[in-house]
Amino acid sequence: MKKIIYSLLFMVTAGTTTAQVKMPAPSPTQKIVQDFGLSSIELSYSRPITKGRKIFGDLVSYDKLWRTGANAATTIRFNDAVEIKGKKIDSGTYALYTIPHLDTWEIILNKGIKNWGVDGYKESEDVARFSVEPSHIKPLVESFTIQFTDVKAMGANLEILWENTAVRLPIAPYGMVDRIKTQLDEALKGEKKPNWQAAQFYNEYDNNPKKALQYVSEAVKDNPKAFWVWIYKAKVELALGDKSAAMQSSNTSLKLAKEAGNDDYVKMNEDLQKKLK
């Protein structure tokens, strides 16, 4: 009798239990953290695949709000304030929506970060809208892609690509140069002066090579074997038109780089010296 009951229980259990099978996500999520300015930008989005379908003007309608990906709302987090097309965007997390048109795209930053796609979207929660022109690209981009390109100290592009379309939105760190200068001025009051950082700031951000030379000259005194600082000094001297001094600094850098076994700086000095001859 017990055997019959156990058999019946097994049959009932087997009939009502569904085996769990893990399958690949059709639109896998990607998360990106990009160092930017004095902080970073974080991006989270899902990546649908073309699969032979026509995308823009068909799967993704023109002139309608698009979630810019798949599944939950695409989000972008600025961990520091940024500037986009002359507008300051405060640090924080935003939903990234777009409205593709044939000749232009609208890129929207919105507060609805918990929305499922466009469900729950409210225009009243828009923080900013930007108009950009799309460009035609080849070859076809199979997987929907958002990425950061041309990443530099003073800016980067947020790039959206799918099928044969690309749009780019320029982003810049907000007020970064002034903030660095404030920090630098304060640090230079101290006993241990950041001469190397000061040289880079005045050369690359303040367009003041004379002041940069002043600080890089102190920086090589701070670290006489720093071949990377010596070649920097040579480049500043070259920018000021003093080829003789630049050659001396480069020779020092070359000698130190050889002693350190750094082939990259050996080559950089050799290339620089070709310009100095």
# chains A, B, ... in the order shown; residues from 1 in each chain; ligands from 1
>>> residues_around(residues="Glu83 (chain A)", least_positions_apart="2", cutoff="9 Å", atoms="only C-alpha atoms", output="PyMOL selection string")
chain A and resi 81+85-90+170-175
>>> closest_atom_pairs(of="region 105-147 of chain A", to="region 57-73 of chain A", cutoff="6 Å", atoms="only C-alpha atoms", output="JSON lines")
{"residue": "A:Asn115", "atom": "CA", "partner": "A:Ala73", "partner_atom": "CA", "distance": 5.7}
{"residue": "A:Trp116", "atom": "CA", "partner": "A:Ala72", "partner_atom": "CA", "distance": 4.2}
{"residue": "A:Gly117", "atom": "CA", "partner": "A:Ala73", "partner_atom": "CA", "distance": 4.4}
{"residue": "A:Val118", "atom": "CA", "partner": "A:Arg67", "partner_atom": "CA", "distance": 5.5}
>>> residues_around(residues="Val216 (chain A)", least_positions_apart="5", cutoff="8 Å", atoms="only C-alpha atoms", output="list in words")
Asn195, Trp196, Ala198, Ala199, Val229, Tyr232 and Lys233 of chain A
>>> residues_around(residues="Leu238 (chain A)", least_positions_apart="2", cutoff="12 Å", atoms="only C-alpha atoms", output="PyMOL selection string")
chain A and resi 209-210+213+231-236+240-250+272-273+275-277
>>> closest_residue(among="A:Ile76, A:Phe56, A:Thr50, A:Val82", to="His101 (chain A)", atoms="only C-alpha atoms")
A:Phe56
>>> closest_residue(among="A:Asn157, A:Thr104, A:Gln147, A:Ser253", to="Val132 (chain A)", atoms="only C-alpha atoms")
A:Thr104
